[in-house]
file my_file09.pdb (PDB, N, CA and C atoms)
MODEL        1
ATOM      1  N   MET A   1     -52.660-130.653 -30.573  1.00  0.00           N
ATOM      2  CA  MET A   1     -52.114-129.724 -31.537  1.00  0.00           C
ATOM      3  C   MET A   1     -52.111-130.400 -32.909  1.00  0.00           C
ATOM      4  N   ILE A   2     -52.562-129.675 -33.903  1.00  0.00           N
ATOM      5  CA  ILE A   2     -52.590-130.185 -35.272  1.00  0.00           C
ATOM      6  C   ILE A   2     -51.638-129.342 -36.109  1.00  0.00           C
ATOM      7  N   GLU A   3     -50.803-130.016 -36.896  1.00  0.00           N
ATOM      8  CA  GLU A   3     -49.865-129.314 -37.763  1.00  0.00           C
ATOM      9  C   GLU A   3     -50.138-129.686 -39.215  1.00  0.00           C
ATOM     10  N   LEU A   4     -50.239-128.669 -40.041  1.00  0.00           N
ATOM     11  CA  LEU A   4     -50.408-128.820 -41.484  1.00  0.00           C
ATOM     12  C   LEU A   4     -49.129-128.338 -42.147  1.00  0.00           C
ATOM     13  N   ARG A   5     -48.485-129.228 -42.891  1.00  0.00           N
ATOM     14  CA  ARG A   5     -47.275-128.859 -43.634  1.00  0.00           C
ATOM     15  C   ARG A   5     -47.594-128.933 -45.118  1.00  0.00           C
ATOM     16  N   TYR A   6     -47.182-127.900 -45.851  1.00  0.00           N
ATOM     17  CA  TYR A   6     -47.466-127.852 -47.282  1.00  0.00           C
ATOM     18  C   TYR A   6     -46.315-127.184 -48.020  1.00  0.00           C
ATOM     19  N   GLN A   7     -46.313-127.363 -49.338  1.00  0.00           N
ATOM     20  CA  GLN A   7     -45.263-126.780 -50.165  1.00  0.00           C
ATOM     21  C   GLN A   7     -45.868-125.640 -50.973  1.00  0.00           C
ATOM     22  N   ASP A   8     -45.241-124.466 -50.904  1.00  0.00           N
ATOM     23  CA  ASP A   8     -45.776-123.301 -51.611  1.00  0.00           C
ATOM     24  C   ASP A   8     -45.258-123.247 -53.054  1.00  0.00           C
ATOM     25  N   SER A   9     -45.636-122.209 -53.772  1.00  0.00           N
ATOM     26  CA  SER A   9     -45.270-122.099 -55.186  1.00  0.00           C
ATOM     27  C   SER A   9     -43.776-121.841 -55.401  1.00  0.00           C
ATOM     28  N   TYR A  10     -43.059-121.477 -54.345  1.00  0.00           N
ATOM     29  CA  TYR A  10     -41.607-121.307 -54.416  1.00  0.00           C
ATOM     30  C   TYR A  10     -40.869-122.566 -53.957  1.00  0.00           C
ATOM     31  N   GLN A  11     -41.615-123.666 -53.809  1.00  0.00           N
ATOM     32  CA  GLN A  11     -41.072-124.954 -53.375  1.00  0.00           C
ATOM     33  C   GLN A  11     -40.536-124.909 -51.948  1.00  0.00           C
ATOM     34  N   GLN A  12     -41.021-123.962 -51.170  1.00  0.00           N
ATOM     35  CA  GLN A  12     -40.652-123.852 -49.759  1.00  0.00           C
ATOM     36  C   GLN A  12     -41.671-124.618 -48.917  1.00  0.00           C
ATOM     37  N   ILE A  13     -41.200-125.272 -47.883  1.00  0.00           N
ATOM     38  CA  ILE A  13     -42.093-125.997 -46.983  1.00  0.00           C
ATOM     39  C   ILE A  13     -42.571-125.037 -45.904  1.00  0.00           C
ATOM     40  N   ARG A  14     -43.864-124.950 -45.771  1.00  0.00           N
ATOM     41  CA  ARG A  14     -44.515-124.072 -44.790  1.00  0.00           C
ATOM     42  C   ARG A  14     -45.336-124.930 -43.845  1.00  0.00           C
ATOM     43  N   SER A  15     -45.651-124.362 -42.680  1.00  0.00           N
ATOM     44  CA  SER A  15     -46.520-125.089 -41.759  1.00  0.00           C
ATOM     45  C   SER A  15     -47.430-124.121 -41.021  1.00  0.00           C
ATOM     46  N   GLN A  16     -48.581-124.638 -40.663  1.00  0.00           N
ATOM     47  CA  GLN A  16     -49.518-123.912 -39.821  1.00  0.00           C
ATOM     48  C   GLN A  16     -49.953-124.872 -38.728  1.00  0.00           C
ATOM     49  N   THR A  17     -50.135-124.333 -37.536  1.00  0.00           N
ATOM     50  CA  THR A  17     -50.595-125.163 -36.427  1.00  0.00           C
ATOM     51  C   THR A  17     -51.948-124.664 -35.944  1.00  0.00           C
ATOM     52  N   PHE A  18     -52.721-125.602 -35.444  1.00  0.00           N
ATOM     53  CA  PHE A  18     -54.057-125.325 -34.935  1.00  0.00           C
ATOM     54  C   PHE A  18     -54.178-125.981 -33.567  1.00  0.00           C
ATOM     55  N   GLU A  19     -54.860-125.308 -32.669  1.00  0.00           N
ATOM     56  CA  GLU A  19     -54.961-125.797 -31.296  1.00  0.00           C
ATOM     57  C   GLU A  19     -55.694-127.130 -31.205  1.00  0.00           C
ATOM     58  N   ASN A  20     -56.732-127.295 -32.021  1.00  0.00           N
ATOM     59  CA  ASN A  20     -57.516-128.538 -31.985  1.00  0.00           C
ATOM     60  C   ASN A  20     -58.219-128.730 -33.323  1.00  0.00           C
ATOM     61  N   PHE A  21     -58.957-129.831 -33.425  1.00  0.00           N
ATOM     62  CA  PHE A  21     -59.626-130.173 -34.675  1.00  0.00           C
ATOM     63  C   PHE A  21     -60.673-129.128 -35.050  1.00  0.00           C
ATOM     64  N   GLU A  22     -61.384-128.610 -34.063  1.00  0.00           N
ATOM     65  CA  GLU A  22     -62.417-127.608 -34.328  1.00  0.00           C
ATOM     66  C   GLU A  22     -61.817-126.332 -34.921  1.00  0.00           C
ATOM     67  N   ALA A  23     -60.652-125.921 -34.428  1.00  0.00           N
ATOM     68  CA  ALA A  23     -59.976-124.733 -34.962  1.00  0.00           C
ATOM     69  C   ALA A  23     -59.543-124.957 -36.412  1.00  0.00           C
ATOM     70  N   LEU A  24     -59.096-126.158 -36.712  1.00  0.00           N
ATOM     71  CA  LEU A  24     -58.714-126.497 -38.082  1.00  0.00           C
ATOM     72  C   LEU A  24     -59.927-126.453 -39.004  1.00  0.00           C
ATOM     73  N   LEU A  25     -61.023-127.061 -38.577  1.00  0.00           N
ATOM     74  CA  LEU A  25     -62.251-127.035 -39.379  1.00  0.00           C
ATOM     75  C   LEU A  25     -62.734-125.611 -39.605  1.00  0.00           C
ATOM     76  N   LEU A  26     -62.699-124.811 -38.566  1.00  0.00           N
ATOM     77  CA  LEU A  26     -63.142-123.424 -38.678  1.00  0.00           C
ATOM     78  C   LEU A  26     -62.296-122.656 -39.693  1.00  0.00           C
ATOM     79  N   ALA A  27     -60.995-122.862 -39.657  1.00  0.00           N
ATOM     80  CA  ALA A  27     -60.097-122.174 -40.587  1.00  0.00           C
ATOM     81  C   ALA A  27     -60.387-122.557 -42.034  1.00  0.00           C
ATOM     82  N   PHE A  28     -60.706-123.823 -42.268  1.00  0.00           N
ATOM     83  CA  PHE A  28     -60.921-124.283 -43.638  1.00  0.00           C
ATOM     84  C   PHE A  28     -62.368-124.210 -44.090  1.00  0.00           C
ATOM     85  N   SER A  29     -63.272-123.850 -43.207  1.00  0.00           N
ATOM     86  CA  SER A  29     -64.666-123.689 -43.618  1.00  0.00           C
ATOM     87  C   SER A  29     -64.919-122.291 -44.159  1.00  0.00           C
ATOM     88  N   GLY A  30     -64.003-121.390 -43.887  1.00  0.00           N
ATOM     89  CA  GLY A  30     -64.128-120.015 -44.377  1.00  0.00           C
ATOM     90  C   GLY A  30     -63.153-119.760 -45.498  1.00  0.00           C
ATOM     91  N   CYS A  31     -62.742-118.545 -45.598  1.00  0.00           N
ATOM     92  CA  CYS A  31     -61.813-118.130 -46.643  1.00  0.00           C
ATOM     93  C   CYS A  31     -60.383-118.374 -46.163  1.00  0.00           C
ATOM     94  N   VAL A  32     -59.745-119.361 -46.740  1.00  0.00           N
ATOM     95  CA  VAL A  32     -58.373-119.701 -46.379  1.00  0.00           C
ATOM     96  C   VAL A  32     -57.430-118.938 -47.302  1.00  0.00           C
ATOM     97  N   THR A  33     -56.371-118.404 -46.743  1.00  0.00           N
ATOM     98  CA  THR A  33     -55.429-117.617 -47.543  1.00  0.00           C
ATOM     99  C   THR A  33     -54.380-118.478 -48.243  1.00  0.00           C
ATOM    100  N   ILE A  34     -54.462-119.790 -48.089  1.00  0.00           N
ATOM    101  CA  ILE A  34     -53.536-120.700 -48.765  1.00  0.00           C
ATOM    102  C   ILE A  34     -54.188-121.124 -50.084  1.00  0.00           C
ATOM    103  N   PRO A  35     -53.500-120.947 -51.217  1.00  0.00           N
ATOM    104  CA  PRO A  35     -54.089-121.346 -52.497  1.00  0.00           C
ATOM    105  C   PRO A  35     -54.466-122.833 -52.539  1.00  0.00           C
ATOM    106  N   ASP A  36     -55.561-123.126 -53.221  1.00  0.00           N
ATOM    107  CA  ASP A  36     -56.103-124.485 -53.302  1.00  0.00           C
ATOM    108  C   ASP A  36     -55.142-125.504 -53.888  1.00  0.00           C
ATOM    109  N   TYR A  37     -54.269-125.071 -54.778  1.00  0.00           N
ATOM    110  CA  TYR A  37     -53.424-126.015 -55.498  1.00  0.00           C
ATOM    111  C   TYR A  37     -52.144-126.398 -54.745  1.00  0.00           C
ATOM    112  N   PHE A  38     -51.855-125.775 -53.621  1.00  0.00           N
ATOM    113  CA  PHE A  38     -50.657-126.149 -52.866  1.00  0.00           C
ATOM    114  C   PHE A  38     -50.779-127.595 -52.393  1.00  0.00           C
ATOM    115  N   LYS A  39     -49.661-128.298 -52.446  1.00  0.00           N
ATOM    116  CA  LYS A  39     -49.620-129.706 -52.064  1.00  0.00           C
ATOM    117  C   LYS A  39     -49.419-129.845 -50.555  1.00  0.00           C
ATOM    118  N   VAL A  40     -50.276-130.649 -49.929  1.00  0.00           N
ATOM    119  CA  VAL A  40     -50.129-130.951 -48.505  1.00  0.00           C
ATOM    120  C   VAL A  40     -49.059-132.031 -48.365  1.00  0.00           C
ATOM    121  N   LEU A  41     -48.060-131.766 -47.545  1.00  0.00           N
ATOM    122  CA  LEU A  41     -46.996-132.736 -47.298  1.00  0.00           C
ATOM    123  C   LEU A  41     -47.336-133.638 -46.126  1.00  0.00           C
ATOM    124  N   SER A  42     -47.973-133.062 -45.100  1.00  0.00           N
ATOM    125  CA  SER A  42     -48.389-133.874 -43.959  1.00  0.00           C
ATOM    126  C   SER A  42     -49.451-133.142 -43.157  1.00  0.00           C
ATOM    127  N   LEU A  43     -50.281-133.936 -42.522  1.00  0.00           N
ATOM    128  CA  LEU A  43     -51.294-133.438 -41.603  1.00  0.00           C
ATOM    129  C   LEU A  43     -51.216-134.341 -40.385  1.00  0.00           C
ATOM    130  N   THR A  44     -50.791-133.776 -39.251  1.00  0.00           N
ATOM    131  CA  THR A  44     -50.597-134.586 -38.052  1.00  0.00           C
ATOM    132  C   THR A  44     -51.335-133.987 -36.864  1.00  0.00           C
ATOM    133  N   GLN A  45     -51.769-134.873 -35.987  1.00  0.00           N
ATOM    134  CA  GLN A  45     -52.382-134.453 -34.726  1.00  0.00           C
ATOM    135  C   GLN A  45     -51.603-135.125 -33.612  1.00  0.00           C
ATOM    136  N   ASP A  46     -50.980-134.318 -32.767  1.00  0.00           N
ATOM    137  CA  ASP A  46     -50.125-134.829 -31.685  1.00  0.00           C
ATOM    138  C   ASP A  46     -49.111-135.838 -32.225  1.00  0.00           C
ATOM    139  N   ASP A  47     -48.467-135.473 -33.330  1.00  0.00           N
ATOM    140  CA  ASP A  47     -47.441-136.272 -34.012  1.00  0.00           C
ATOM    141  C   ASP A  47     -47.964-137.560 -34.640  1.00  0.00           C
ATOM    142  N   LYS A  48     -49.270-137.745 -34.716  1.00  0.00           N
ATOM    143  CA  LYS A  48     -49.862-138.912 -35.378  1.00  0.00           C
ATOM    144  C   LYS A  48     -50.362-138.484 -36.752  1.00  0.00           C
ATOM    145  N   ASP A  49     -49.922-139.201 -37.785  1.00  0.00           N
ATOM    146  CA  ASP A  49     -50.315-138.880 -39.157  1.00  0.00           C
ATOM    147  C   ASP A  49     -51.814-139.103 -39.348  1.00  0.00           C
ATOM    148  N   LEU A  50     -52.501-138.097 -39.892  1.00  0.00           N
ATOM    149  CA  LEU A  50     -53.941-138.211 -40.139  1.00  0.00           C
ATOM    150  C   LEU A  50     -54.250-138.760 -41.530  1.00  0.00           C
ATOM    151  N   GLY A  51     -53.216-139.107 -42.287  1.00  0.00           N
ATOM    152  CA  GLY A  51     -53.398-139.848 -43.526  1.00  0.00           C
ATOM    153  C   GLY A  51     -53.874-139.068 -44.735  1.00  0.00           C
ATOM    154  N   TYR A  52     -53.714-137.755 -44.737  1.00  0.00           N
ATOM    155  CA  TYR A  52     -54.168-136.997 -45.906  1.00  0.00           C
ATOM    156  C   TYR A  52     -53.031-136.776 -46.880  1.00  0.00           C
ATOM    157  N   GLN A  53     -53.321-137.025 -48.159  1.00  0.00           N
ATOM    158  CA  GLN A  53     -52.401-136.702 -49.244  1.00  0.00           C
ATOM    159  C   GLN A  53     -53.220-136.033 -50.324  1.00  0.00           C
ATOM    160  N   GLY A  54     -52.797-134.873 -50.758  1.00  0.00           N
ATOM    161  CA  GLY A  54     -53.533-134.168 -51.799  1.00  0.00           C
ATOM    162  C   GLY A  54     -53.298-132.680 -51.728  1.00  0.00           C
ATOM    163  N   ALA A  55     -54.233-131.944 -52.315  1.00  0.00           N
ATOM    164  CA  ALA A  55     -54.128-130.491 -52.389  1.00  0.00           C
ATOM    165  C   ALA A  55     -54.891-129.832 -51.245  1.00  0.00           C
ATOM    166  N   ILE A  56     -54.514-128.612 -50.938  1.00  0.00           N
ATOM    167  CA  ILE A  56     -55.209-127.828 -49.913  1.00  0.00           C
ATOM    168  C   ILE A  56     -56.700-127.736 -50.231  1.00  0.00           C
ATOM    169  N   GLY A  57     -57.028-127.579 -51.522  1.00  0.00           N
ATOM    170  CA  GLY A  57     -58.416-127.405 -51.936  1.00  0.00           C
ATOM    171  C   GLY A  57     -59.326-128.574 -51.609  1.00  0.00           C
ATOM    172  N   ASP A  58     -58.768-129.763 -51.447  1.00  0.00           N
ATOM    173  CA  ASP A  58     -59.566-130.953 -51.135  1.00  0.00           C
ATOM    174  C   ASP A  58     -59.536-131.307 -49.652  1.00  0.00           C
ATOM    175  N   LEU A  59     -58.801-130.545 -48.879  1.00  0.00           N
ATOM    176  CA  LEU A  59     -58.598-130.874 -47.466  1.00  0.00           C
ATOM    177  C   LEU A  59     -59.879-130.792 -46.641  1.00  0.00           C
ATOM    178  N   TYR A  60     -60.691-129.769 -46.838  1.00  0.00           N
ATOM    179  CA  TYR A  60     -61.905-129.613 -46.020  1.00  0.00           C
ATOM    180  C   TYR A  60     -62.831-130.814 -46.169  1.00  0.00           C
ATOM    181  N   ARG A  61     -62.989-131.296 -47.386  1.00  0.00           N
ATOM    182  CA  ARG A  61     -63.837-132.476 -47.621  1.00  0.00           C
ATOM    183  C   ARG A  61     -63.292-133.688 -46.852  1.00  0.00           C
ATOM    184  N   TYR A  62     -61.970-133.856 -46.858  1.00  0.00           N
ATOM    185  CA  TYR A  62     -61.353-134.951 -46.111  1.00  0.00           C
ATOM    186  C   TYR A  62     -61.565-134.774 -44.609  1.00  0.00           C
ATOM    187  N   LEU A  63     -61.423-133.557 -44.127  1.00  0.00           N
ATOM    188  CA  LEU A  63     -61.610-133.297 -42.696  1.00  0.00           C
ATOM    189  C   LEU A  63     -63.016-133.673 -42.250  1.00  0.00           C
ATOM    190  N   GLN A  64     -64.000-133.454 -43.109  1.00  0.00           N
ATOM    191  CA  GLN A  64     -65.374-133.823 -42.767  1.00  0.00           C
ATOM    192  C   GLN A  64     -65.520-135.332 -42.585  1.00  0.00           C
ATOM    193  N   THR A  65     -64.747-136.118 -43.329  1.00  0.00           N
ATOM    194  CA  THR A  65     -64.857-137.578 -43.227  1.00  0.00           C
ATOM    195  C   THR A  65     -64.200-138.121 -41.962  1.00  0.00           C
ATOM    196  N   ILE A  66     -63.219-137.407 -41.423  1.00  0.00           N
ATOM    197  CA  ILE A  66     -62.536-137.899 -40.219  1.00  0.00           C
ATOM    198  C   ILE A  66     -62.902-137.111 -38.970  1.00  0.00           C
ATOM    199  N   ASN A  67     -63.846-136.197 -39.087  1.00  0.00           N
ATOM    200  CA  ASN A  67     -64.254-135.342 -37.970  1.00  0.00           C
ATOM    201  C   ASN A  67     -64.753-136.192 -36.803  1.00  0.00           C
ATOM    202  N   PRO A  68     -64.083-136.139 -35.656  1.00  0.00           N
ATOM    203  CA  PRO A  68     -64.497-136.962 -34.510  1.00  0.00           C
ATOM    204  C   PRO A  68     -65.880-136.604 -33.971  1.00  0.00           C
ATOM    205  N   THR A  69     -66.361-135.403 -34.205  1.00  0.00           N
ATOM    206  CA  THR A  69     -67.691-135.027 -33.705  1.00  0.00           C
ATOM    207  C   THR A  69     -68.809-135.579 -34.582  1.00  0.00           C
ATOM    208  N   ASN A  70     -68.476-136.100 -35.770  1.00  0.00           N
ATOM    209  CA  ASN A  70     -69.478-136.709 -36.650  1.00  0.00           C
ATOM    210  C   ASN A  70     -69.750-138.158 -36.285  1.00  0.00           C
ATOM    211  N   LYS A  71     -68.968-138.728 -35.403  1.00  0.00           N
ATOM    212  CA  LYS A  71     -69.081-140.164 -35.101  1.00  0.00           C
ATOM    213  C   LYS A  71     -69.934-140.410 -33.892  1.00  0.00           C
TER     214      LYS A  71
ENDMDL
END

call {"tool": "encode", "arguments": {"input": "my_file09.pdb", "output": "structure tokens"}}
result
Amino acid sequence: MIELRYQDSYQQIRSQTFENFEALLLAFSGCVTIPDYFKVLSLTQDDKDLGYQGAIGDLYRYLQTINPTNK
């Protein structure tokens, strides 16, 4: 299970969960309904931090670098 936590424009903490890495990639390879400028607070897989800090808009590029199927 992958959890993405981010802060919205109202300073509220939101989260989305994805069943696996492929589902996360699929969601971010298309049209994501989360604005690009929202700040990612954490990205975890099975409670392990995946080390991303930045904006939603840069997340897909980061996911490509850590994609386990690319290795």

call {"tool": "atom_distance", "arguments": {"input": "my_file09.pdb", "atom1": "CA of Ser29 (chain A)", "atom2": "CA of Tyr60 (chain A)"}}
result
7.0 Å

call {"tool": "closest_residue", "arguments": {"input": "my_file09.pdb", "among": "A:Tyr37, A:Glu3, A:Pro68, A:Thr44", "to": "Ile56 (chain A)", "atoms": "all atoms listed in the file"}}
result
A:Tyr37

call {"tool": "closest_residue", "arguments": {"input": "my_file09.pdb", "among": "A:Ser42, A:Asn20, A:Thr33, A:Gln64", "to": "Gln7 (chain A)", "atoms": "all atoms listed in the file"}}
result
A:Ser42

call {"tool": "closest_residue", "arguments": {"input": "my_file09.pdb", "among": "A:Ile2, A:Lys39, A:Gln11, A:Asp58", "to": "Leu24 (chain A)", "atoms": "only C-alpha atoms"}}
result
A:Ile2

call {"tool": "select_by_dssp", "arguments": {"input": "my_file09.pdb", "residues": "region 4-64 of chain A", "states": "strand (DSSP E or B)", "output": "NGL selection string"}}
result
:A and (4-7 or 13-18 or 39-45 or 48-49 or 54-55)

call {"tool": "closest_residue", "arguments": {"input": "my_file09.pdb", "among": "A:Asn67, A:Leu4, A:Ile13, A:Ala55", "to": "Leu43 (chain A)", "atoms": "all atoms listed in the file"}}
result
A:Leu4

call {"tool": "residues_near_point", "arguments": {"input": "my_file09.pdb", "point": "(-47.7, -122.6, -50.9)", "cutoff": "7 Å", "atoms": "only C-alpha atoms", "output": "list in words"}}
result
Tyr6, Gln7, Asp8, Ser9, Ile34, Pro35 and Phe38 of chain A

call {"tool": "atom_distance", "arguments": {"input": "my_file09.pdb", "atom1": "atom C of Tyr62 (chain A)", "atom2": "atom N of Gln12 (chain A)"}}
result
24.1 Å

call {"tool": "atom_distance", "arguments": {"input": "my_file09.pdb", "atom1": "atom C of Gly51 (chain A)", "atom2": "CA of Gly30 (chain A)"}}
result
21.6 Å

call {"tool": "closest_residue", "arguments": {"input": "my_file09.pdb", "among": "A:Leu63, A:Glu19, A:Leu26, A:Gly57", "to": "Val40 (chain A)", "atoms": "only C-alpha atoms"}}
result
A:Gly57
